[in-house]
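Novice: Quick one: this structure, given as structure tokens, is what I'll be asking you about.
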Amino acid sequence: MASATSSRIRPAAVAGMFYARDRQELARTLDAMLASAADRAPARAVPKAIIAPHAGYIYSGPIAASVYALLKPARGRITRVVLLGPTHRVAVRGLALPESDAFATPLGTVEIDREAAAAIRALPQVVLNSAAHTWEHSLEVHVPFLQSVLDEFRLVPLAVGYAEPEQVAEVLDALWGGPETLIVISSDLSHYLSHSEAQALDRRTAEAILDLRTDITHEQACGATPVTGLNLAAQRRRLKPELVDLRNSGDTAGDKNRVVGYGAFAFFEEPFHAH
């Protein structure tokens, strides 16, 4: 295992834009959002998988916090996070791993789980592509949340480009693991509609996610490919999805004429009953 000090570290690309560059300011912001979310939400079991948004924290942070707050009871148990998000800047065929050994944020570095990455490299849809990760915010903005709610963990970051839900589900199956593994899917919902149009479309998209549908489009969710891949895996493994939060940028910090929709979803494994 290479230590993060001697290895290739992917530096934070959107610190100072999507979230605070200053370590203490970032920690305070995250603590406040998570505390507010915990106050609002009833206690639930710890999910196996979550879907959370990836915009600037001022816009989507409270919605993301609503589902990240559910992970705190598993702080010491979850030691691996499989993180999938859509590519925004670089076109990729398949699911791209970075060539780096760690991701850095103002809160510190998180090592890549090289063993897990090596295990999925044999799949034809998994590629190595550093360029897909260099400026990609859809994965990066989740890492400080994970650093806030978990203790030591390793990361399997996948930038998802052109792929079928079945190809995504196959990767998730290979990395599913047990209680030590959390799956995080990064996706915003509708883009640049009016507040009321966004609410209507996002409600329909939320229903499609709760029905575990695999025909969700990129107009409904920019992370439609990883979302539908998770839905397919969840169908097979009988996960139960719940809607945790559904708002848009007009509800948090933006103008109501052109909004971006955000949803937070938690997927629970059914309790095992011995017979």
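Numbering starts fresh at 1 for the residues of each chain in the structure tokens, the chains themselves are lettered A, B, ... in the order given, and ligands are numbered from 1 as they appear.
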Just want the 9 Å neighbourhood of A:Thr134, counted on only C-alpha atoms, with same-chain residues fewer than 3 positions away dropped. Output as number ranges by chain.

Specialist: A: 10-13, 98, 130-131, 137

Novice: Save the residues we just selected, C-alpha atoms, as a PDB file, in the first residue's frame?

Specialist:
ATOM      1  CA  ARG A  10      -5.542  14.395  -6.698  1.00  0.00           C
ATOM      2  CA  PRO A  11      -5.773  17.925  -5.284  1.00  0.00           C
ATOM      3  CA  ALA A  12      -9.131  19.535  -4.536  1.00  0.00           C
ATOM      4  CA  ALA A  13     -10.223  21.223  -7.767  1.00  0.00           C
ATOM      5  CA  PRO A  98      -8.364   7.856 -11.440  1.00  0.00           C
ATOM      6  CA  SER A 130      -7.100  10.783 -14.875  1.00  0.00           C
ATOM      7  CA  ALA A 131      -8.441  13.594 -17.053  1.00  0.00           C
ATOM      8  CA  HIS A 137     -16.826  18.234  -9.030  1.00  0.00           C
TER       9      HIS A 137
END

Novice: Determine which residues of stretch 63-146 of chain A DSSP labels as strand (DSSP E) from the backbone of this structure, then write them out as a list in words.

Specialist: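 The strand (DSSP E) residues within stretch 63-146 of chain A come out as Arg80, Val81, Val82, Leu83, Leu84, Gly85, Pro86, Leu95, Ala96, Leu97, Ala102, Phe103, Ala104, Thr105, Gly108, Thr109, Val110, Glu111, Val126, Val127 and Leu128 of chain A.
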
Novice: Restrict the calculation to only C-alpha atoms, then for each residue of stretch 10-108 of chain A with any atom at most 12 Å from an atom of stretch 225-249 of chain A give the closest atom pair and their distance in Å to one decimal, rows by chain and rising residue number, as a Markdown table.

Specialist:
| residue | atom | partner | partner_atom | distance |
| --- | --- | --- | --- | --- |
| A:Ala37 | CA | A:Asp245 | CA | 9.8 |
| A:Ala38 | CA | A:Val244 | CA | 11.5 |
| A:Arg40 | CA | A:Asp245 | CA | 10.5 |
| A:Ala41 | CA | A:Val244 | CA | 8.2 |
| A:Pro42 | CA | A:Val244 | CA | 9.9 |
| A:Ala43 | CA | A:Val244 | CA | 11.3 |
| A:Arg44 | CA | A:Val244 | CA | 10.3 |
| A:Ala45 | CA | A:Glu242 | CA | 11.3 |
| A:Val46 | CA | A:Glu242 | CA | 11.9 |
| A:Pro47 | CA | A:Pro241 | CA | 9.0 |
| A:Lys48 | CA | A:Leu239 | CA | 8.4 |
| A:Ala49 | CA | A:Leu230 | CA | 8.4 |
| A:Ile50 | CA | A:Pro241 | CA | 8.8 |
| A:Ile51 | CA | A:Val227 | CA | 7.5 |
| A:Ala52 | CA | A:Asp245 | CA | 9.4 |
| A:Pro53 | CA | A:Asn248 | CA | 10.2 |
| A:His54 | CA | A:Ser249 | CA | 11.8 |
| A:Ala55 | CA | A:Ser249 | CA | 9.2 |
| A:Gly56 | CA | A:Ser249 | CA | 9.9 |
| A:Tyr57 | CA | A:Ser249 | CA | 10.4 |
| A:Ile58 | CA | A:Ser249 | CA | 8.7 |
| A:Tyr59 | CA | A:Ser249 | CA | 5.2 |
| A:Ser60 | CA | A:Ser249 | CA | 6.9 |
| A:Gly61 | CA | A:Ser249 | CA | 10.2 |
| A:Pro62 | CA | A:Asp245 | CA | 9.1 |
| A:Ile63 | CA | A:Asp245 | CA | 5.9 |
| A:Ala64 | CA | A:Asp245 | CA | 8.3 |
| A:Ala65 | CA | A:Asp245 | CA | 9.5 |
| A:Ser66 | CA | A:Asp245 | CA | 6.6 |
| A:Val67 | CA | A:Val244 | CA | 6.4 |
| A:Tyr68 | CA | A:Val244 | CA | 10.2 |
| A:Ala69 | CA | A:Val244 | CA | 10.6 |
| A:Leu70 | CA | A:Val244 | CA | 9.8 |
| A:Val82 | CA | A:Leu230 | CA | 11.5 |
| A:Leu83 | CA | A:Pro226 | CA | 9.7 |
| A:Leu84 | CA | A:Pro226 | CA | 6.4 |
| A:Gly85 | CA | A:Pro226 | CA | 6.7 |
| A:Pro86 | CA | A:Pro226 | CA | 7.3 |
| A:Thr87 | CA | A:Thr225 | CA | 10.4 |
| A:Arg93 | CA | A:Thr225 | CA | 11.9 |
| A:Gly94 | CA | A:Thr225 | CA | 10.2 |
| A:Leu95 | CA | A:Pro226 | CA | 9.5 |

Novice: Which is closer to A:Ser190 than all the others in A:Glu270, A:Glu219, A:Glu99, A:Glu111, using only C-alpha atoms?

Specialist: A:Glu219

Novice: Taking 3 positions as the minimum chain separation for residues in the same chain, which residues sit within 10 Å of A:Asn129 when counting only C-alpha atoms? Answer as a VMD selection string.

Specialist: chain A and resid 90 92 95 to 100 126 132 to 134 158 to 159

Novice: Now that the selection is made, can you save its residues with C-alpha atoms as a PDB file, in the first residue's frame?

Specialist:
ATOM      1  CA  VAL A  90     -14.530  14.988 -20.106  1.00  0.00           C
ATOM      2  CA  VAL A  92     -15.759   8.893 -21.076  1.00  0.00           C
ATOM      3  CA  LEU A  95     -16.674   4.071 -15.715  1.00  0.00           C
ATOM      4  CA  ALA A  96     -13.339   5.778 -15.092  1.00  0.00           C
ATOM      5  CA  LEU A  97     -11.023   5.211 -12.157  1.00  0.00           C
ATOM      6  CA  PRO A  98      -8.364   7.856 -11.440  1.00  0.00           C
ATOM      7  CA  GLU A  99      -4.652   7.056 -11.591  1.00  0.00           C
ATOM      8  CA  SER A 100      -4.085   8.863  -8.286  1.00  0.00           C
ATOM      9  CA  VAL A 126     -13.902   0.067 -16.240  1.00  0.00           C
ATOM     10  CA  ALA A 132     -12.011  12.579 -16.207  1.00  0.00           C
ATOM     11  CA  HIS A 133     -11.224  13.220 -12.528  1.00  0.00           C
ATOM     12  CA  THR A 134      -8.972  16.283 -12.646  1.00  0.00           C
ATOM     13  CA  LEU A 158     -15.730   6.282 -10.453  1.00  0.00           C
ATOM     14  CA  ALA A 159     -16.500   9.005 -12.988  1.00  0.00           C
TER      15      ALA A 159
END

Novice: Write down as a PyMOL selection string the residues of stretch 40-105 of chain A whose backbone DSSP state falls under alpha helix (DSSP H).

Specialist: chain A and resi 40+57-68

Novice: What does the file look like for those residues with C-alpha atoms, as a PDB file, in the first residue's frame?

Specialist:
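Okay, this is what ended up in again_38.pdb:
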ATOM      1  CA  ARG A  40     -35.127  17.736  11.318  1.00  0.00           C
ATOM      2  CA  TYR A  57     -22.876  23.718  -0.721  1.00  0.00           C
ATOM      3  CA  ILE A  58     -24.856  26.960  -0.453  1.00  0.00           C
ATOM      4  CA  TYR A  59     -27.363  25.461  -2.901  1.00  0.00           C
ATOM      5  CA  SER A  60     -27.407  21.692  -2.366  1.00  0.00           C
ATOM      6  CA  GLY A  61     -25.479  21.208   0.889  1.00  0.00           C
ATOM      7  CA  PRO A  62     -28.538  21.072   3.179  1.00  0.00           C
ATOM      8  CA  ILE A  63     -30.157  18.420   0.969  1.00  0.00           C
ATOM      9  CA  ALA A  64     -26.972  16.322   0.892  1.00  0.00           C
ATOM     10  CA  ALA A  65     -26.590  16.747   4.667  1.00  0.00           C
ATOM     11  CA  SER A  66     -30.073  15.294   5.218  1.00  0.00           C
ATOM     12  CA  VAL A  67     -28.911  11.868   4.033  1.00  0.00           C
ATOM     13  CA  TYR A  68     -25.287  12.071   5.220  1.00  0.00           C
TER      14      TYR A  68
END

Novice: Please indicate the distance in Å from atom CA of A:Pro106 to atom CA of A:Asp22, rounded to one decimal place.

Specialist: 6.5 Å

Novice: List the neighbours of A:Leu175 out to 10 Å using only C-alpha atoms; skip same-chain residues closer than 5 positions along the sequence, and give me the result as a list of chain:residue names.

Specialist: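 That gives A:Arg80, A:Val81, A:Val82, A:Ala116, A:Ala117, A:Ala119, A:Ile120, A:Val156, A:Ala169, A:Glu170, A:Thr181, A:Leu182, A:Ile183.
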